[in-house]
Structure formats: structure tokens, C-alpha cells
Amino acid sequence: MSEEVRGSRGIPPLINDVHLRLILVSGKTQDFTFSPNDSATDIAKHVFENWPAGWEEERVSSPSILRLIFQGRFLHGNVTLGALKLPPGRTTVMHLVARETLPEPNSHGQRNREKTTESNCCLLL
């Protein structure tokens with residue numbers, strides 16, 4: 001089964017630690033434990049340096065292309081787990097994908113606004 005690995009410090013889990021279950025596009029998962037102070041960049045680096053044995057086919061060339069997705073949104077590198085207010089001691093699921101760049105933060109919202117303005121076509125009689 002999955003081996004739980006302590007985050008960037010290599011020490012046993014603490015009660016206020018955040019447990020992450022990372023899911024690849026292939027559906028493979030691995031559990032990790034991190035401090036609330038660990039950022040998305042810290043997590044990507046740790047996962048890259050401790051690449052799980054069952055993930056060989058998905059191995060990437062650099063930690064800088066690993067991206068975390070939480071609740072449908074890409075996390076920027078400096079976002080910490082504490083800032084996301086994840087419950088300590090419980091497992092939170094995130095997707096891990098290989099992607100060179102992040103999408104623009106407002107591009108999705110802009111698309112939604114454009115769709116909304118295009119559909120305002122009602123006429124009251």
C-alpha cells in the first residue's frame with residue numbers, strides 16, 4: 001500500500017501536520033505528510049526528490065514543472081498549506097500534474113463573464 005512520507009523535514013508526522021493524497025492523471029496515488037508552512041513549491045520539490053516507486057512511468061525531468069491542483073485550481077508556488085486552511089491530521093486530496101506554466105489567474109473568470117454577457121437576450125413583454 002502507500003507509504004506515508006514526512007514532508008520537507010524528514011521527521012515523524014506531528015498532530016498539526018497536513019496529510020496529502022496526491023493523484024496523478026494516470027489515477028495512481030501516494031500519501032505524503034507536510035507541515036502547514038510548506039508551500040506548493042516545497043511539496044513539488046519533495047515529491048520530485050522522493051518520487052514514489054510505483055510512479056516510474058510518470059517521472060518528470062524537473063520539480064519546476066510539477067503543479068498541484070486543489071479544488072479545481074492550480075496552486076501558485078508560494079501558497080502554503082496553512083494558507084489554504086487545510087484540516088490538520090486529516091487527508092486532503094490534490095492532483096499532481098506536469099505542466100510548464102500556470103494558466104493566467106483571471107483567464108477562467110474572464111471566460112465566464114464573456115459567456116454571461118453573451119446570453120443576456122431576454123425580452124419582457
# chains A, B, ... in the order shown; residues from 1 in each chain; ligands from 1
>>> closest_atom_pairs(of="range 65-94 of chain A", to="range 14-29 of chain A", cutoff="8 Å", atoms="only C-alpha atoms", output="Markdown table")
| residue | atom | partner | partner_atom | distance |
| --- | --- | --- | --- | --- |
| A:Leu81 | CA | A:Val18 | CA | 7.5 |
| A:Leu86 | CA | A:Val18 | CA | 6.9 |
| A:Pro87 | CA | A:Val18 | CA | 6.8 |
| A:Pro88 | CA | A:Val18 | CA | 4.8 |
| A:Gly89 | CA | A:Val18 | CA | 5.8 |
| A:Arg90 | CA | A:His19 | CA | 5.9 |
| A:Thr91 | CA | A:His19 | CA | 4.6 |
| A:Thr92 | CA | A:Leu20 | CA | 4.9 |
| A:Val93 | CA | A:Arg21 | CA | 4.7 |
| A:Met94 | CA | A:Leu22 | CA | 5.1 |
>>> write_last_selection(atoms="C-alpha atoms", output="tab-separated table (two decimals), in the first residue's frame")
chain	number	residue	atom	x	y	z
A	81	LEU	CA	-0.88	24.54	3.10
A	86	LEU	CA	-6.49	22.51	5.36
A	87	PRO	CA	-7.56	20.48	8.38
A	88	PRO	CA	-4.53	19.11	10.26
A	89	GLY	CA	-4.47	15.38	10.87
A	90	ARG	CA	-6.94	14.67	8.05
A	91	THR	CA	-6.15	13.62	4.49
A	92	THR	CA	-6.72	16.19	1.75
A	93	VAL	CA	-6.71	15.10	-1.90
A	94	MET	CA	-4.88	17.11	-4.56
>>> closest_residue(among="A:Glu57, A:Pro36, A:Phe48, A:Pro103", to="His76 in chain A", atoms="only C-alpha atoms")
A:Pro103
>>> closest_residue(among="A:Ala53, A:Leu84, A:Val79, A:Val47", to="Leu96 in chain A", atoms="only C-alpha atoms")
A:Val47
>>> closest_residue(among="A:Val97, A:Asn37, A:Glu49, A:Thr80", to="Ile65 in chain A", atoms="only C-alpha atoms")
A:Val97
>>> select_by_dssp(residues="range 11-120 of chain A", states="alpha helix (DSSP H)", output="PyMOL selection string")
chain A and resi 40-49+107-118
>>> decode(residues="range 56-82 of chain A", atoms="N, CA and C atoms", output="short mmCIF file (atom, residue, chain, number, x, y, z; two decimals), in the first residue's frame")
data_model
loop_
_atom_site.label_atom_id
_atom_site.label_comp_id
_atom_site.auth_asym_id
_atom_site.auth_seq_id
_atom_site.Cartn_x
_atom_site.Cartn_y
_atom_site.Cartn_z
N GLU A 56 7.16 5.34 -11.68
CA GLU A 56 8.30 5.46 -12.59
C GLU A 56 7.92 5.97 -13.98
N GLU A 57 6.81 5.48 -14.52
CA GLU A 57 6.41 5.86 -15.88
C GLU A 57 6.02 7.33 -15.99
N GLU A 58 5.65 7.95 -14.89
CA GLU A 58 5.22 9.35 -14.89
C GLU A 58 6.33 10.31 -14.46
N ARG A 59 7.53 9.80 -14.24
CA ARG A 59 8.64 10.62 -13.74
C ARG A 59 8.88 11.83 -14.66
N VAL A 60 9.14 12.98 -14.04
CA VAL A 60 9.39 14.22 -14.79
C VAL A 60 10.86 14.60 -14.66
N SER A 61 11.30 15.53 -15.50
CA SER A 61 12.72 15.91 -15.54
C SER A 61 13.09 16.98 -14.51
N SER A 62 12.11 17.67 -13.95
CA SER A 62 12.41 18.77 -13.04
C SER A 62 11.23 19.01 -12.09
N PRO A 63 11.50 19.39 -10.84
CA PRO A 63 10.38 19.69 -9.93
C PRO A 63 9.62 20.95 -10.33
N SER A 64 10.25 21.80 -11.13
CA SER A 64 9.61 23.06 -11.50
C SER A 64 8.41 22.89 -12.42
N ILE A 65 8.22 21.71 -13.00
CA ILE A 65 7.04 21.51 -13.86
C ILE A 65 5.92 20.77 -13.14
N LEU A 66 6.15 20.39 -11.88
CA LEU A 66 5.10 19.74 -11.10
C LEU A 66 4.16 20.80 -10.54
N ARG A 67 2.88 20.61 -10.78
CA ARG A 67 1.86 21.58 -10.33
C ARG A 67 0.80 20.85 -9.50
N LEU A 68 0.37 21.52 -8.44
CA LEU A 68 -0.71 20.99 -7.61
C LEU A 68 -2.02 21.65 -7.99
N ILE A 69 -3.07 20.85 -8.02
CA ILE A 69 -4.41 21.36 -8.28
C ILE A 69 -5.26 21.01 -7.06
N PHE A 70 -5.88 22.03 -6.48
CA PHE A 70 -6.74 21.84 -5.31
C PHE A 70 -8.08 22.50 -5.59
N GLN A 71 -9.14 21.74 -5.46
CA GLN A 71 -10.50 22.21 -5.72
C GLN A 71 -10.60 22.89 -7.08
N GLY A 72 -9.98 22.26 -8.09
CA GLY A 72 -10.09 22.73 -9.46
C GLY A 72 -9.21 23.90 -9.83
N ARG A 73 -8.33 24.33 -8.93
CA ARG A 73 -7.48 25.49 -9.20
C ARG A 73 -6.01 25.13 -9.02
N PHE A 74 -5.19 25.64 -9.92
CA PHE A 74 -3.75 25.46 -9.80
C PHE A 74 -3.24 26.30 -8.62
N LEU A 75 -2.37 25.71 -7.82
CA LEU A 75 -1.77 26.44 -6.71
C LEU A 75 -0.48 27.09 -7.18
N HIS A 76 -0.31 28.36 -6.90
CA HIS A 76 0.94 29.03 -7.22
C HIS A 76 1.99 28.63 -6.20
N GLY A 77 3.25 28.68 -6.59
CA GLY A 77 4.35 28.14 -5.82
C GLY A 77 4.48 28.60 -4.40
N ASN A 78 4.11 29.84 -4.10
CA ASN A 78 4.31 30.36 -2.75
C ASN A 78 3.14 30.12 -1.81
N VAL A 79 2.07 29.51 -2.28
CA VAL A 79 0.91 29.24 -1.43
C VAL A 79 1.25 28.11 -0.46
N THR A 80 1.04 28.37 0.85
CA THR A 80 1.32 27.34 1.85
C THR A 80 0.05 26.55 2.16
N LEU A 81 0.26 25.37 2.71
CA LEU A 81 -0.88 24.54 3.10
C LEU A 81 -1.68 25.23 4.21
N GLY A 82 -0.98 25.94 5.09
CA GLY A 82 -1.67 26.67 6.15
C GLY A 82 -2.57 27.75 5.61
#
